[in-house]
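K.L.:
Have a peek at work-v5.cif (mmCIF, C-alpha atoms and all ligand atoms).
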data_final
#
loop_
_atom_site.label_atom_id
_atom_site.label_comp_id
_atom_site.auth_asym_id
_atom_site.auth_seq_id
_atom_site.Cartn_x
_atom_site.Cartn_y
_atom_site.Cartn_z
CA MET B 74 80.07 -22.08 -99.38
CA PRO B 75 82.29 -23.16 -102.27
CA ALA B 76 81.68 -26.86 -102.87
CA GLU B 77 85.40 -27.67 -102.90
CA LEU B 78 86.07 -26.50 -99.33
CA SER B 79 87.89 -29.42 -97.66
CA PRO B 80 86.89 -30.87 -94.26
CA ILE B 81 90.02 -29.26 -92.75
CA ASP B 82 89.03 -25.86 -94.14
CA LYS B 83 85.50 -26.32 -92.81
CA ALA B 84 86.98 -27.18 -89.40
CA LYS B 85 89.19 -24.08 -89.49
CA PHE B 86 86.24 -21.96 -90.56
CA VAL B 87 83.91 -23.13 -87.77
CA ALA B 88 86.61 -22.63 -85.13
CA ALA B 89 87.19 -19.12 -86.43
CA ARG B 90 83.48 -18.39 -86.61
CA ARG B 91 82.89 -19.54 -83.01
CA ALA B 92 85.89 -17.58 -81.72
CA THR B 93 84.66 -14.32 -83.21
CA ALA B 94 81.60 -14.63 -80.94
CA PHE B 95 84.01 -13.68 -78.11
CA VAL B 96 84.55 -10.28 -79.73
CA GLU B 97 82.64 -7.40 -78.13
CA ASP B 98 81.97 -3.89 -79.34
CA GLY B 99 84.89 -1.53 -78.73
CA MET B 100 87.50 -4.26 -78.34
CA LYS B 101 91.12 -3.93 -79.36
CA LEU B 102 92.08 -7.18 -81.03
CA GLY B 103 95.23 -9.01 -82.00
CA LEU B 104 94.72 -10.54 -85.44
CA GLY B 105 96.69 -13.75 -85.97
CA THR B 106 98.32 -15.09 -89.10
CA GLY B 107 97.71 -18.22 -91.18
CA SER B 108 94.81 -19.89 -92.93
CA THR B 109 92.69 -20.32 -89.77
CA ALA B 110 93.34 -16.74 -88.71
CA ALA B 111 92.36 -15.60 -92.20
CA TRP B 112 88.93 -17.19 -91.67
CA MET B 113 88.70 -15.29 -88.40
CA VAL B 114 89.44 -11.99 -90.16
CA ARG B 115 86.68 -12.79 -92.69
CA CYS B 116 84.20 -13.62 -89.90
CA LEU B 117 85.16 -10.45 -88.06
CA ALA B 118 84.75 -8.38 -91.21
CA GLU B 119 81.26 -9.82 -91.58
CA ARG B 120 80.34 -8.67 -88.06
CA VAL B 121 81.84 -5.22 -88.72
CA ARG B 122 79.79 -4.94 -91.91
CA ASP B 123 76.51 -6.50 -90.76
CA GLU B 124 76.33 -5.50 -87.08
CA GLY B 125 78.31 -2.27 -87.15
CA LEU B 126 80.73 -3.83 -84.64
CA ARG B 127 83.41 -1.30 -83.74
CA VAL B 128 86.83 -2.88 -83.27
CA VAL B 129 90.43 -2.10 -84.00
CA GLY B 130 92.75 -4.90 -85.03
CA VAL B 131 96.49 -5.17 -84.62
CA PRO B 132 97.67 -7.54 -87.36
CA THR B 133 100.55 -9.94 -86.67
CA SER B 134 101.89 -9.91 -90.23
CA SER B 135 101.81 -7.90 -93.42
CA ARG B 136 99.57 -10.65 -94.91
CA THR B 137 96.97 -10.27 -92.19
CA ALA B 138 97.18 -6.48 -92.38
CA ASP B 139 96.50 -6.61 -96.13
CA LEU B 140 93.52 -8.96 -95.68
CA ALA B 141 92.01 -6.93 -92.85
CA ARG B 142 92.28 -3.68 -94.81
CA GLN B 143 90.87 -5.33 -97.92
CA LEU B 144 87.82 -6.57 -95.96
CA GLY B 145 87.22 -3.33 -94.06
CA VAL B 146 88.46 -4.28 -90.59
CA PRO B 147 90.10 -1.18 -89.07
CA VAL B 148 93.76 -1.78 -88.23
CA ALA B 149 96.34 -0.02 -86.08
CA SER B 150 99.88 -0.71 -84.93
CA LEU B 151 100.61 -2.16 -81.49
CA ASP B 152 102.36 1.08 -80.59
CA GLU B 153 99.19 3.03 -81.35
CA VAL B 154 96.96 0.68 -79.35
CA LYS B 155 99.53 -0.46 -76.73
CA TRP B 156 97.40 -3.11 -75.00
CA LEU B 157 94.77 -5.47 -76.38
CA ASP B 158 91.61 -7.06 -75.01
CA LEU B 159 91.91 -10.24 -77.00
CA THR B 160 94.11 -11.96 -79.58
CA ILE B 161 92.72 -14.70 -81.81
CA ASP B 162 95.29 -16.74 -83.70
CA GLY B 163 95.93 -20.19 -85.13
CA ALA B 164 98.58 -22.67 -84.01
CA ASP B 165 100.61 -25.51 -85.47
CA GLU B 166 100.24 -27.65 -82.34
CA PHE B 167 98.63 -27.33 -78.91
CA ASP B 168 98.81 -29.60 -75.88
CA ARG B 169 96.42 -30.17 -72.97
CA ASP B 170 97.93 -27.21 -71.04
CA LEU B 171 97.37 -25.02 -74.12
CA ASN B 172 101.06 -24.62 -74.72
CA LEU B 173 101.63 -24.07 -78.41
CA ILE B 174 104.02 -24.39 -81.30
CA LYS B 175 103.56 -21.46 -83.67
CA GLY B 176 105.46 -19.98 -86.56
CA GLY B 177 104.59 -22.32 -89.42
CA GLY B 178 103.61 -19.14 -91.25
CA ALA B 179 106.86 -17.40 -90.22
CA ALA B 180 105.03 -14.77 -88.14
CA LEU B 181 105.88 -16.05 -84.65
CA LEU B 182 107.71 -12.92 -83.51
CA GLN B 183 104.87 -10.45 -84.06
CA GLU B 184 102.40 -13.13 -82.97
CA LYS B 185 104.12 -13.64 -79.64
CA ILE B 186 104.52 -9.92 -78.96
CA VAL B 187 100.85 -9.27 -79.78
CA ALA B 188 99.51 -12.28 -77.82
CA THR B 189 101.61 -11.32 -74.80
CA ALA B 190 100.24 -7.78 -74.95
CA SER B 191 96.66 -9.10 -74.69
CA ASP B 192 94.38 -9.76 -71.74
CA ARG B 193 93.41 -13.05 -73.35
CA MET B 194 94.54 -15.24 -76.22
CA ILE B 195 92.19 -17.61 -78.03
CA VAL B 196 93.68 -20.24 -80.30
CA ILE B 197 91.57 -21.50 -83.18
CA ALA B 198 92.46 -24.85 -84.67
CA ASP B 199 91.20 -27.97 -86.37
CA ALA B 200 91.28 -31.08 -84.19
CA ALA B 201 94.41 -32.45 -85.90
CA LYS B 202 96.51 -29.75 -84.17
CA GLU B 203 96.01 -31.31 -80.73
CA VAL B 204 98.96 -33.39 -79.48
CA THR B 205 99.82 -35.18 -76.24
CA GLN B 206 103.38 -33.84 -76.46
CA LEU B 207 104.64 -30.94 -78.53
CA GLY B 208 107.33 -31.43 -81.15
CA ALA B 209 106.05 -33.46 -84.09
CA PHE B 210 105.69 -30.13 -85.91
CA PRO B 211 109.17 -28.62 -86.48
CA LEU B 212 109.76 -25.84 -83.96
CA PRO B 213 110.37 -22.50 -85.76
CA VAL B 214 113.00 -20.20 -84.30
CA GLU B 215 113.53 -16.68 -85.65
CA ILE B 216 117.20 -15.70 -85.90
CA ILE B 217 118.98 -12.65 -87.23
CA PRO B 218 120.73 -13.08 -90.61
CA PHE B 219 124.12 -11.88 -89.29
CA GLY B 220 126.20 -14.95 -88.46
CA TRP B 221 123.19 -17.23 -88.93
CA GLN B 222 125.32 -20.35 -89.45
CA THR B 223 127.02 -19.77 -86.11
CA THR B 224 123.65 -19.25 -84.43
CA LYS B 225 122.36 -22.45 -86.03
CA ALA B 226 125.45 -24.34 -84.77
CA LEU B 227 124.92 -22.94 -81.25
CA VAL B 228 121.28 -24.06 -81.36
CA GLU B 229 122.38 -27.55 -82.45
CA GLU B 230 124.93 -27.65 -79.61
CA THR B 231 122.28 -26.56 -77.11
CA LEU B 232 119.91 -29.31 -78.26
CA VAL B 233 122.42 -31.97 -77.20
CA SER B 234 121.61 -31.33 -73.53
CA LEU B 235 117.81 -31.20 -74.04
CA ASP B 236 115.38 -34.13 -73.95
CA VAL B 237 114.23 -34.44 -77.57
CA LEU B 238 113.90 -37.36 -79.99
CA ASN B 239 115.67 -35.79 -82.96
CA ARG B 240 118.10 -32.88 -83.39
CA GLU B 241 118.00 -31.87 -87.07
CA VAL B 242 117.92 -28.12 -87.76
CA SER B 243 117.15 -26.59 -91.17
CA LEU B 244 117.10 -23.08 -92.54
CA ARG B 245 113.66 -22.25 -93.94
CA MET B 246 113.87 -21.43 -97.63
CA ASN B 247 111.71 -19.49 -100.03
CA GLY B 248 112.68 -21.06 -103.34
CA ASP B 249 116.48 -20.99 -103.52
CA ARG B 250 116.87 -18.16 -100.97
CA PRO B 251 116.39 -18.02 -97.20
CA LEU B 252 112.88 -17.04 -96.24
CA ILE B 253 112.82 -13.49 -94.87
CA THR B 254 110.33 -12.67 -92.11
CA ASP B 255 108.39 -9.41 -91.76
CA GLU B 256 111.12 -8.32 -89.34
CA ALA B 257 113.81 -9.10 -91.94
CA ASN B 258 115.09 -12.15 -90.07
CA TYR B 259 115.58 -15.84 -90.95
CA ILE B 260 113.73 -18.87 -89.59
CA ILE B 261 115.39 -22.12 -88.62
CA ASP B 262 113.13 -25.16 -88.08
CA LEU B 263 114.05 -27.59 -85.31
CA HIS B 264 112.94 -31.12 -86.20
CA LEU B 265 112.72 -32.51 -82.69
CA LYS B 266 109.86 -35.02 -83.01
CA ARG B 267 109.18 -34.72 -79.27
CA ILE B 268 109.89 -31.92 -76.77
CA ALA B 269 109.90 -33.36 -73.24
CA ASN B 270 110.16 -29.97 -71.50
CA PRO B 271 108.79 -27.12 -73.67
CA ARG B 272 109.19 -24.53 -70.90
CA GLN B 273 112.89 -25.27 -70.49
CA MET B 274 113.36 -25.40 -74.28
CA ALA B 275 111.75 -21.96 -74.70
CA LEU B 276 113.96 -20.39 -72.03
CA VAL B 277 117.20 -21.98 -73.19
CA LEU B 278 116.73 -21.13 -76.87
CA ASN B 279 116.19 -17.46 -76.10
CA GLN B 280 119.55 -17.31 -74.27
CA ILE B 281 121.47 -17.96 -77.50
CA PRO B 282 122.91 -14.83 -79.15
CA GLY B 283 121.35 -14.40 -82.59
CA VAL B 284 118.06 -16.01 -81.56
CA VAL B 285 115.31 -13.41 -81.63
CA GLU B 286 112.39 -15.58 -80.49
CA ASN B 287 111.16 -19.15 -80.57
CA GLY B 288 107.77 -20.54 -81.56
CA LEU B 289 106.90 -22.07 -78.18
CA PHE B 290 104.02 -20.18 -76.58
CA ILE B 291 104.05 -21.20 -72.92
CA ASP B 292 101.29 -19.98 -70.57
CA ILE B 293 100.11 -17.45 -73.14
CA CYS B 294 96.96 -19.08 -74.50
CA ASP B 295 93.78 -19.03 -72.38
CA ILE B 296 91.16 -20.65 -74.58
CA VAL B 297 91.24 -23.07 -77.50
CA VAL B 298 88.38 -23.37 -79.97
CA ILE B 299 88.65 -26.68 -81.80
CA GLY B 300 86.72 -27.03 -85.04
CA HIS B 301 85.49 -30.16 -86.82
CA GLY B 302 84.55 -30.57 -90.47
CA ASP B 303 80.90 -31.31 -89.62
CA GLY B 304 80.39 -27.99 -87.85
CA ARG B 305 81.02 -29.12 -84.27
CA VAL B 306 83.20 -26.92 -82.11
CA GLU B 307 84.68 -27.47 -78.68
CA VAL B 308 85.65 -24.53 -76.49
CA ARG B 309 88.17 -25.25 -73.71
CA ASP B 310 89.05 -22.59 -71.16
CA ILE B 311 92.31 -23.39 -69.35
CA THR B 312 91.64 -20.81 -66.61
CA THR B 313 88.19 -21.99 -65.56
CA GLY B 314 88.59 -25.60 -66.70
CA GLU B 315 85.26 -25.31 -68.54
CA VAL B 316 84.67 -27.29 -71.71
CA ALA B 317 81.69 -26.44 -73.91
CA GLU B 318 80.43 -27.95 -77.13
CA ASP B 319 78.67 -26.01 -79.83
CA ARG B 320 77.76 -26.25 -83.50
CA VAL B 321 78.24 -23.70 -86.27
CA ILE B 322 75.57 -23.76 -88.95
CA PHE B 323 77.03 -23.40 -92.44
CA ALA B 324 73.92 -21.67 -93.81
CA ASP B 325 74.03 -17.92 -94.53
CA THR B 326 77.80 -17.84 -94.90
CA ASP B 327 77.92 -16.69 -98.52
CA ASN B 328 79.27 -13.24 -97.58
CA ILE B 329 82.28 -14.80 -95.90
CA PHE B 330 83.16 -16.83 -98.95
CA ALA B 331 82.54 -14.05 -101.43
CA ASP B 332 86.19 -12.89 -101.50
CA LEU B 333 87.43 -16.44 -102.07
CA GLY B 334 85.74 -16.92 -105.41
CA ASP B 335 84.36 -20.27 -106.49
C1 LIG H 401 101.86 -18.44 -88.37
C2 LIG H 401 101.29 -19.38 -87.38
C3 LIG H 401 99.98 -19.99 -87.72
O1 LIG H 401 99.06 -19.64 -86.75
C4 LIG H 401 100.14 -21.48 -87.76
O2 LIG H 401 101.16 -21.80 -88.69
C5 LIG H 401 98.82 -22.18 -88.15
O3 LIG H 401 98.54 -21.89 -89.48
P1 LIG H 401 97.24 -22.44 -90.18
O4 LIG H 401 96.07 -21.81 -89.51
O5 LIG H 401 97.39 -22.02 -91.61
O6 LIG H 401 97.22 -23.94 -90.02
O7 LIG H 401 101.82 -19.64 -86.35
O8 LIG H 401 103.16 -18.05 -88.00
#
So that I can check it, write out the structure of this file as structure tokens.
Ligand code: 5RP
P.N.:
Amino acid sequence: MPAELSPIDKAKFVAARRATAFVEDGMKLGLGTGSTAAWMVRCLAERVRDEGLRVVGVPTSSRTADLARQLGVPVASLDEVKWLDLTIDGADEFDRDLNLIKGGGAALLQEKIVATASDRMIVIADAAKEVTQLGAFPLPVEIIPFGWQTTKALVEETLVSLDVLNREVSLRMNGDRPLITDEANYIIDLHLKRIANPRQMALVLNQIPGVVENGLFIDICDIVVIGHGDGRVEVRDITTGEVAEDRVIFADTDNIFADLGD
């Protein structure tokens, strides 16, 4: 393992590593987006290479598709595969009911479609992503570019009637231009600090013309795998209520880190 890997990266890695143990031969998988999901793709590629695991992955972004192809994980589109056994993805925040904020990596639209088209969704995260109430992380909302300022104003107006601590909305930028998603849309970030009723928020936001999708994942995630920098992992299953603790050994991981360089 490269010596400079931070405790957070180690935590993300062990969560990803433990989650890939849920993958069985022949599965159709949703492949998430972000730095934690990238570890998962690396761990999956290792199993494909070393064990001859046969899987097909549906990536949730062009970035993940590129990484999967580069590492030899077979990929297909959702339309080719249609329904998935399992999606493994990261999150920006999760609460005790495994409701999530996602979209920090601007891929929430494909991520939500793919996770919803899966029998199960596993979230992989470092422990810092757990919150008692969602909303400290700005809530990403994907909107179409046409009339985006009007859509933003409508979102701001809608927030007035919702129980939040702050109501600032910003357009996500990429340098001096609006960030463009894989679906050629914009992202606005809702700086709410606290969302009292995430279910209501998710429903109301999606009623606004111009809003394509919001980053609240309600009742979609089944299992969270929480990683720690010392190798400990906790697996919580919201359906069964089971909580299990495990440990990932860092030894013999050189293959995984090979494509990172030192
Ligand atoms: C991308 C996402 C990511 O899963 C989320 O931002 C977490 O990213 P990371 O694993 O890099 O912390 O929702 O749209």
K.L.:
Got a sec to check which residues sit within 10 Å of (120.6, -24.5, -68.9), counting only C-alpha atoms, and write them as a list of chain:residue names?
P.N.:
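The residues that fall inside the cut-off are B:Thr231, B:Ser234, B:Leu235, B:Gln273, B:Met274, B:Leu276, B:Val277, B:Leu278, B:Gln280.
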K.L.:
When you draw a straight line from atom CA of B:Ile293 to atom CA of B:Glu184, how long is it in Å?
P.N.:
11.0 Å
K.L.:
List as a PyMOL selection string the protein and nucleic acid residues lying within 6 Å of ligand LIG 401 (chain H), with all atoms listed in the file counted.
P.N.:
chain B and resi 106-110+162-165+175-181
K.L.:
Just give me the residues with any atom within 9 Å of (95.8, -21.1, -73.5), file coordinates, counting all atoms listed in the file, written as a list in words.
P.N.:
Phe167, Asp170, Leu171, Asn172, Leu173, Arg193, Met194, Ile195, Val196, Phe290, Ile291, Asp292, Ile293, Cys294, Asp295, Ile296, Val297, Arg309, Asp310, Ile311 and Thr312 of chain B
K.L.:
I'd like the neighbourhood of stretch 139-148 of chain B as a PyMOL selection string, where a residue qualifies if any of its atoms comes within 6 Å (using all atoms listed in the file), though same-chain residues fewer than 4 positions away should be ignored.
P.N.:
chain B and resi 118+129-131
K.L.:
Which is closest to B:Val285 among B:Phe330, B:Trp221, B:Phe323, B:Phe95, if we use all atoms listed in the file?
P.N.:
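Nearest to B:Val285: B:Trp221.
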K.L.:
Here is a test: counting all atoms listed in the file, which residue of B:Val321, B:Val214, B:Ala275, B:Ile281 is nearest to B:Ile261?
P.N.:
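Selected residue with least distance to B:Ile261: B:Val214.
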K.L.:
Atom CA of B:Lys83 and atom CA of B:Gly302 are how many Å apart?
P.N.:
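If I compute the distance from atom CA of B:Lys83 to atom CA of B:Gly302, I get 4.9 Å.
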K.L.:
Which residues, written as a ChimeraX atom specification, have at least one atom at most 10 Å from B:Lys155, with all atoms listed in the file counted and residues fewer than 5 positions away on the same chain left out?
P.N.:
/B:101,131,149-150,187,190-191
K.L.:
Quick one: of B:Ile174, B:Ala88, B:Cys116, B:Ile216, who's nearest to B:Ala257, counting only C-alpha atoms?
P.N.:
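Answer, going by the shortest atom-to-atom distance: B:Ile216.
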K.L.:
With only C-alpha atoms as the atoms that count, which of B:Gly125, B:Pro132, B:Gly103, B:Pro282 lies nearest to B:Leu157?
P.N.:
B:Gly103
